[in-house]
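The next block is model-v9.cif, given as mmCIF, C-alpha atoms.
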data_entry
#
loop_
_atom_site.label_atom_id
_atom_site.label_comp_id
_atom_site.auth_asym_id
_atom_site.auth_seq_id
_atom_site.Cartn_x
_atom_site.Cartn_y
_atom_site.Cartn_z
CA MET A 1 11.05 -0.87 42.27
CA LYS A 2 14.72 0.11 42.30
CA ALA A 3 13.81 3.68 43.32
CA LEU A 4 11.64 2.36 46.18
CA VAL A 5 14.46 0.22 47.57
CA LYS A 6 16.93 3.07 47.27
CA THR A 7 14.61 5.55 49.00
CA VAL A 8 14.02 3.28 52.00
CA ASN A 9 17.72 2.47 52.15
CA ASN A 10 18.58 6.18 52.32
CA LEU A 11 16.35 6.56 55.39
CA LEU A 12 18.32 3.87 57.23
CA GLN A 13 21.85 5.10 56.67
CA PRO A 14 24.14 5.61 59.70
CA ASP A 15 23.94 9.40 59.49
CA GLU A 16 20.14 9.18 59.63
CA MET A 17 20.14 7.06 62.79
CA ALA A 18 20.93 10.08 64.93
CA VAL A 19 17.70 11.68 63.69
CA TRP A 20 15.74 8.48 64.39
CA ASN A 21 17.08 8.34 67.94
CA GLU A 22 15.92 11.88 68.66
CA ILE A 23 12.34 10.67 68.29
CA GLY A 24 10.54 9.33 71.36
CA ASP A 25 10.44 5.56 71.79
CA ASP A 26 6.77 5.12 70.88
CA GLU A 27 6.85 7.41 67.86
CA ARG A 28 10.12 5.89 66.65
CA ARG A 29 8.63 2.39 66.69
CA LYS A 30 5.49 3.58 64.93
CA SER A 31 7.51 5.35 62.23
CA ALA A 32 9.76 2.33 61.70
CA THR A 33 6.70 0.07 61.56
CA LYS A 34 5.10 2.33 58.97
CA LEU A 35 8.29 2.13 56.90
CA LEU A 36 8.17 -1.68 56.98
CA HIS A 37 4.47 -1.68 56.12
CA THR A 38 4.82 0.83 53.28
CA MET A 39 7.78 -1.01 51.78
CA GLU A 40 5.87 -4.31 51.66
CA THR A 41 2.59 -2.93 50.32
CA SER A 42 4.32 -0.70 47.76
CA ALA A 43 6.47 -3.53 46.44
CA LEU A 44 3.41 -5.77 46.03
CA GLY A 45 1.53 -2.93 44.36
CA ILE A 46 4.31 -2.16 41.89
CA SER A 47 4.60 -5.84 41.00
CA HIS A 48 0.92 -6.04 40.08
CA HIS A 49 1.59 -5.33 36.39
CA LEU A 50 3.96 -8.29 36.02
CA LYS A 51 2.06 -10.86 33.97
CA ARG A 52 4.77 -13.38 33.17
CA THR A 53 7.29 -15.37 35.15
CA THR A 54 9.89 -12.93 36.47
CA GLU A 55 12.66 -12.93 39.05
CA LEU A 56 14.13 -9.59 40.15
CA VAL A 57 16.71 -8.69 42.82
CA PHE A 58 17.48 -5.21 44.14
CA LYS A 59 20.22 -4.64 46.71
CA GLU A 60 21.41 -1.55 48.53
CA SER A 61 23.69 -1.23 51.56
CA ASP A 62 20.89 -1.70 54.12
CA VAL A 63 17.89 -3.01 52.17
CA ALA A 64 17.56 -5.94 49.77
CA LEU A 65 14.49 -7.16 47.87
CA LYS A 66 13.87 -10.26 45.81
CA LEU A 67 10.67 -10.56 43.80
CA TYR A 68 9.12 -13.57 42.10
CA ALA A 69 6.21 -13.34 39.68
CA PHE A 70 4.77 -16.65 38.50
CA ASP A 71 2.30 -17.51 35.78
CA LEU A 72 0.88 -20.68 37.28
CA SER A 73 -0.47 -21.85 33.94
CA ARG A 74 3.20 -22.59 33.22
CA ASP A 75 4.84 -22.84 36.64
CA LYS A 76 2.79 -25.45 38.45
CA GLN A 77 5.11 -25.92 41.43
CA PRO A 78 6.97 -22.72 42.29
CA HIS A 79 9.65 -22.92 44.97
CA PRO A 80 10.20 -19.32 46.10
CA HIS A 81 13.30 -18.66 48.16
CA ALA A 82 15.93 -16.00 48.66
CA ASN A 83 19.50 -15.85 49.89
CA LEU A 84 20.10 -12.23 50.80
CA ASN A 85 23.59 -11.48 52.10
CA GLY A 86 23.88 -14.93 53.64
CA ASN A 87 20.39 -14.94 55.20
CA HIS A 88 18.12 -17.60 53.71
CA ILE A 89 14.32 -17.61 53.60
CA SER A 90 11.89 -19.89 51.77
CA ILE A 91 8.14 -20.54 51.60
CA SER A 92 6.49 -23.96 51.43
CA GLN A 93 3.07 -24.39 49.89
CA GLN A 94 0.18 -26.43 51.16
CA LYS A 95 -0.63 -29.43 49.00
CA THR A 96 -4.16 -28.79 47.76
CA GLU A 97 -6.12 -29.16 44.56
CA MET A 98 -5.90 -25.41 44.07
CA ALA A 99 -2.15 -25.80 43.51
CA SER A 100 -2.87 -26.96 39.93
CA SER A 101 -5.17 -24.01 39.06
CA ASN A 102 -4.25 -21.18 36.73
CA GLY A 103 -3.54 -17.67 37.88
CA THR A 104 -0.75 -15.29 38.84
CA LEU A 105 1.37 -15.26 41.95
CA THR A 106 3.75 -12.62 43.32
CA ILE A 107 6.08 -13.27 46.25
CA ILE A 108 8.52 -10.78 47.70
CA PHE A 109 11.33 -11.26 50.19
CA LEU A 110 12.88 -8.31 52.02
CA GLN A 111 15.90 -7.86 54.25
CA TYR A 112 16.77 -4.88 56.45
CA SER A 113 20.20 -4.79 58.08
CA SER A 114 19.76 -2.13 60.77
CA ILE A 115 16.09 -1.24 61.25
CA GLY A 116 15.88 -3.70 64.16
CA SER A 117 17.50 -1.18 66.49
CA LEU A 118 14.56 1.17 65.86
CA LEU A 119 12.07 -1.43 67.09
CA ARG A 120 13.57 -1.89 70.55
CA LEU A 121 11.20 -1.73 73.48
CA SER A 122 11.27 1.13 75.95
CA ASN A 123 12.27 0.74 79.60
CA SER A 124 8.59 1.05 80.56
CA SER A 125 7.70 -2.15 78.70
CA HIS A 126 6.70 -5.13 80.80
CA ASP A 127 8.28 -8.56 80.86
CA ARG A 128 6.35 -11.07 78.80
CA ASP A 129 5.96 -14.82 79.07
CA HIS A 130 6.24 -16.97 75.94
CA ASN A 131 5.66 -20.72 76.06
CA GLY A 132 6.60 -20.89 79.74
CA THR A 133 9.87 -19.00 79.26
CA THR A 134 10.37 -15.65 80.94
CA MET A 135 11.23 -13.08 78.27
CA GLN A 136 13.13 -10.30 80.00
CA LEU A 137 13.55 -6.66 79.07
CA ASP A 138 17.28 -7.20 78.66
CA TYR A 139 17.13 -8.62 75.14
CA VAL A 140 18.13 -7.16 71.79
CA VAL A 141 17.50 -7.80 68.11
CA ASN A 142 20.48 -9.89 67.04
CA SER A 143 19.86 -10.39 63.33
CA PRO A 144 18.78 -8.56 60.23
CA ILE A 145 15.02 -8.35 59.80
CA VAL A 146 13.59 -10.40 56.95
CA ALA A 147 10.08 -10.31 55.57
CA ALA A 148 7.95 -12.27 53.13
CA ALA A 149 4.65 -11.38 51.45
CA ILE A 150 2.38 -13.09 48.95
CA LYS A 151 -0.19 -11.76 46.49
CA SER A 152 -2.11 -14.17 44.27
CA ASN A 153 -4.95 -13.89 41.78
CA PRO A 154 -7.34 -15.44 42.70
CA PRO A 155 -6.51 -14.91 46.41
CA SER A 156 -6.99 -18.59 47.28
CA LEU A 157 -4.65 -19.76 44.53
CA TYR A 158 -1.55 -20.15 46.71
CA LEU A 159 -1.94 -21.35 50.30
CA MET A 160 1.20 -21.18 52.37
CA ASP A 161 2.15 -24.02 54.70
CA TYR A 162 5.09 -22.36 56.50
CA VAL A 163 8.01 -20.02 56.04
CA ALA A 164 11.51 -21.11 57.10
CA PHE A 165 14.53 -18.87 57.52
CA THR A 166 18.10 -18.96 58.76
CA LEU A 167 19.55 -15.65 59.93
CA LYS A 168 23.08 -14.62 60.76
CA HIS A 169 23.64 -13.16 64.21
CA LEU A 170 24.88 -9.61 64.50
CA GLU A 171 26.87 -10.74 67.55
CA PRO A 172 27.93 -14.26 68.62
CA LEU A 173 25.53 -15.72 71.16
CA GLU A 174 28.20 -16.72 73.72
CA LYS A 175 25.90 -19.01 75.75
CA ARG A 176 22.95 -16.69 75.41
CA LYS A 177 19.55 -17.77 74.20
CA ALA A 178 18.17 -17.14 70.71
CA LEU A 179 14.45 -16.63 70.15
CA CYS A 180 12.61 -16.52 66.81
CA VAL A 181 10.09 -13.67 66.74
CA PHE A 182 7.95 -11.58 64.42
CA TRP A 183 6.93 -7.94 64.57
CA ASN A 184 3.25 -8.09 65.50
CA TYR A 185 1.65 -4.75 64.63
CA SER A 186 -1.70 -3.16 63.87
CA ALA A 187 -1.88 -1.46 60.47
CA PRO A 188 -4.33 1.25 61.60
CA SER A 189 -2.27 2.34 64.62
CA MET A 190 1.20 1.13 63.55
CA GLU A 191 1.77 0.00 67.13
CA GLY A 192 3.69 -3.24 67.45
CA GLU A 193 5.70 -5.58 69.61
CA TRP A 194 7.90 -8.64 69.22
CA ALA A 195 5.93 -11.88 69.56
CA THR A 196 6.55 -15.60 69.17
CA GLU A 197 3.09 -16.99 68.34
CA GLY A 198 3.25 -19.37 65.41
CA CYS A 199 7.07 -19.39 65.33
CA LYS A 200 9.49 -22.10 66.41
CA THR A 201 13.22 -21.91 67.03
CA LEU A 202 14.48 -25.03 65.28
CA HIS A 203 18.22 -24.65 65.87
CA PHE A 204 20.79 -22.10 66.87
CA ASN A 205 24.53 -21.93 67.38
CA ALA A 206 26.96 -19.09 67.98
CA THR A 207 26.51 -17.55 64.53
CA HIS A 208 23.10 -18.55 63.08
CA THR A 209 19.52 -19.34 64.08
CA THR A 210 17.01 -21.35 62.05
CA CYS A 211 13.29 -20.67 62.49
CA ARG A 212 9.95 -21.76 61.11
CA CYS A 213 6.68 -19.80 61.28
CA ASN A 214 3.16 -20.52 60.08
CA HIS A 215 2.42 -16.96 58.94
CA LEU A 216 4.04 -14.13 57.00
CA THR A 217 5.30 -10.79 58.27
CA ASN A 218 8.64 -9.31 59.45
CA PHE A 219 10.91 -11.74 61.31
CA ALA A 220 14.04 -11.48 63.44
CA VAL A 221 16.09 -13.28 66.08
CA LEU A 222 16.28 -11.87 69.61
CA MET A 223 19.19 -12.49 71.94
CA SER A 224 19.15 -12.32 75.73
CA SER A 225 21.52 -9.56 76.74
CA PHE A 226 22.99 -10.96 79.95
CA ARG A 227 21.87 -14.50 80.64
CA ILE A 228 19.78 -17.33 79.28
CA SER A 229 16.19 -17.08 80.44
CA VAL A 230 14.96 -20.21 82.18
CA SER A 231 11.51 -21.61 82.68
CA ALA A 232 9.61 -20.90 85.87
CA LYS A 233 9.86 -24.60 86.69
CA ASP A 234 13.65 -24.51 86.55
CA VAL A 235 13.72 -21.39 88.71
CA ARG A 236 11.65 -23.14 91.38
CA ARG A 237 13.84 -26.24 91.14
CA GLU A 238 17.03 -24.22 91.58
CA SER A 239 15.55 -22.35 94.55
CA ALA A 240 14.44 -25.57 96.22
CA ALA A 241 17.87 -27.14 95.69
CA ARG A 242 19.61 -24.21 97.34
CA LYS A 243 17.24 -24.19 100.30
CA SER A 244 17.70 -27.93 100.82
CA VAL A 245 21.42 -27.54 101.49
CA GLN A 246 22.18 -25.63 104.70
CA VAL A 247 25.83 -24.82 105.35
CA SER A 248 26.67 -23.89 108.94
CA PRO A 249 29.77 -21.97 110.05
CA ALA A 250 31.06 -25.20 111.65
CA THR A 251 30.78 -26.97 108.31
CA VAL A 252 32.72 -24.20 106.62
CA ARG A 253 35.52 -24.56 109.22
CA LYS A 254 35.66 -28.33 108.65
CA MET A 255 35.85 -27.81 104.92
CA GLN A 256 38.67 -25.30 105.32
CA ASN A 257 40.53 -27.84 107.48
CA GLY A 258 40.45 -30.36 104.65
CA ASP A 259 37.40 -32.49 105.48
CA LYS A 260 36.55 -34.01 102.06
CA LYS A 261 33.03 -34.98 103.08
CA GLU A 262 32.20 -31.45 104.15
CA ARG A 263 33.85 -30.02 101.03
CA PHE A 264 31.48 -32.16 98.95
CA CYS A 265 28.48 -30.87 100.90
CA ILE A 266 29.38 -27.24 100.47
CA ASN A 267 29.91 -27.75 96.73
CA LEU A 268 26.29 -28.84 96.51
CA ALA A 269 25.29 -25.39 97.71
CA GLN A 270 26.88 -23.71 94.68
CA PRO A 271 24.66 -22.71 91.70
CA TRP A 272 24.24 -25.39 89.08
CA ASP A 273 26.15 -24.63 85.88
CA GLY A 274 23.10 -25.29 83.76
CA LEU A 275 21.04 -22.76 85.69
CA LYS A 276 23.40 -19.83 85.92
#
What would you get if you wrote out this structure as structure tokens?
Amino acid sequence: MKALVKTVNNLLQPDEMAVWNEIGDDERRKSATKLLHTMETSALGISHHLKRTTELVFKESDVALKLYAFDLSRDKQPHPHANLNGNHISISQQKTEMASSNGTLTIIFLQYSSIGSLLRLSNSSHDRDHNGTTMQLDYVVNSPIVAAAIKSNPPSLYLMDYVAFTLKHLEPLEKRKALCVFWNYSAPSMEGEWATEGCKTLHFNATHTTCRCNHLTNFAVLMSSFRISVSAKDVRRESAARKSVQVSPATVRKMQNGDKKERFCINLAQPWDGLK
């Protein structure tokens, strides 16, 4: 397991990024996706031989892994979680009768510090709409990528309710919007894109964002690059407000001459602070 983490870490070092960036956008994303996929499946495969309760942590400069192996004949209520370099992730289990059954359970948590830059979209990508909010091309990955995976025997032994995570921002938000996303990819093709289905942004401030998702995969926080995206409804409302206030040249002259009433009218024509 240690060798696996070290190998993947070596591929993500700063001096290797120049090689990654020489690859075309589509192939770069596919290769990075394959690296994420291989890391997860290999870690679960290696952990298969663990038959007793175990907790292991492996950390390199760019990659960290925490592994739990539970013998549920002894550990009836496992509470898997990880705090990897200040980024926290935990899994909550559904309350079912199966929770008291015997069997084995393996859970892994992964963190990648810099692979997010390899999963950026190309300039040819289209804008997407998520939950009524316009998601623009001018956004960036603004957190490490974290991942969680589960393997249980029997497969129905452990049913996840949700995964929650709090990630540190790579850059302060500075009035920009944070969005919780996951890397939605196809294993056969290794093609993927950032998506929000099943994920909620619970809270964010300048330095951290807290998310909750109802499925497992690779997660991150996106940040709008230039401005907060607003809903289509707000865009229409702002446009209507501007059109409703007509300022004539005569009004401008009155305002310049100190007419308070006209000064108030022309102020209404300025963009609303909440919609800039």
> Separation of CA of Arg176 (chain A) and CA of Ser143 (chain A), in Å?
Replying inline: 14.0 Å
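Distance-wise, CA of Asp26 (chain A) and CA of Met39 (chain A) end up 20.1 Å apart.
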>> One number please: CA of Trp194 (chain A) to CA of Asn142 (chain A), in Å, one decimal.
In response: 12.8 Å
>> Using all atoms listed in the file, which protein or nucleic acid residues come within 6 Å of Thr53 (chain A)? Drop anything in the same chain fewer than 6 positions from it, and give the result as a PyMOL selection string.
In response: chain A and resi 69-71
> What residues come out when you apply the PyMOL selection byres ((chain A and resi 179) around 12) to this file, written as a PyMOL selection string?
Replying inline: chain A and resi 130-131+133-136+139-143+167+169+173+176-178+180-182+194-197+199-205+208-212+219-225+228-229
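Within the file as shown, the PyMOL selection byres ((chain A and resi 213) around 6) identifies A:Tyr162, A:Val163, A:Gly198, A:Cys199, A:Arg212, A:Asn214, A:His215.
Proximity to Trp183 (chain A) was assessed for A:Leu105, A:Leu4, A:Met17, A:Ile115 counting only C-alpha atoms; the smallest distance is recorded for A:Ile115.
Here the question is which of A:Leu35, A:Val8, A:Ile23, A:Ile145 gets nearest to Asn87 (chain A) using only C-alpha atoms, and that residue is A:Ile145.
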> Any chance you could work out the residue set of the PyMOL selection byres ((chain A and resi 46) around 12) here, as number ranges by chain?
Replying inline: A: 1-5, 38-45, 47-51, 67, 69, 106, 108, 151
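Remark: for Lys59 (chain A), the closest of the candidate residues A:Met190, A:Leu110, A:Leu11, A:Leu72 is A:Leu110 (distances computed over only C-alpha atoms).
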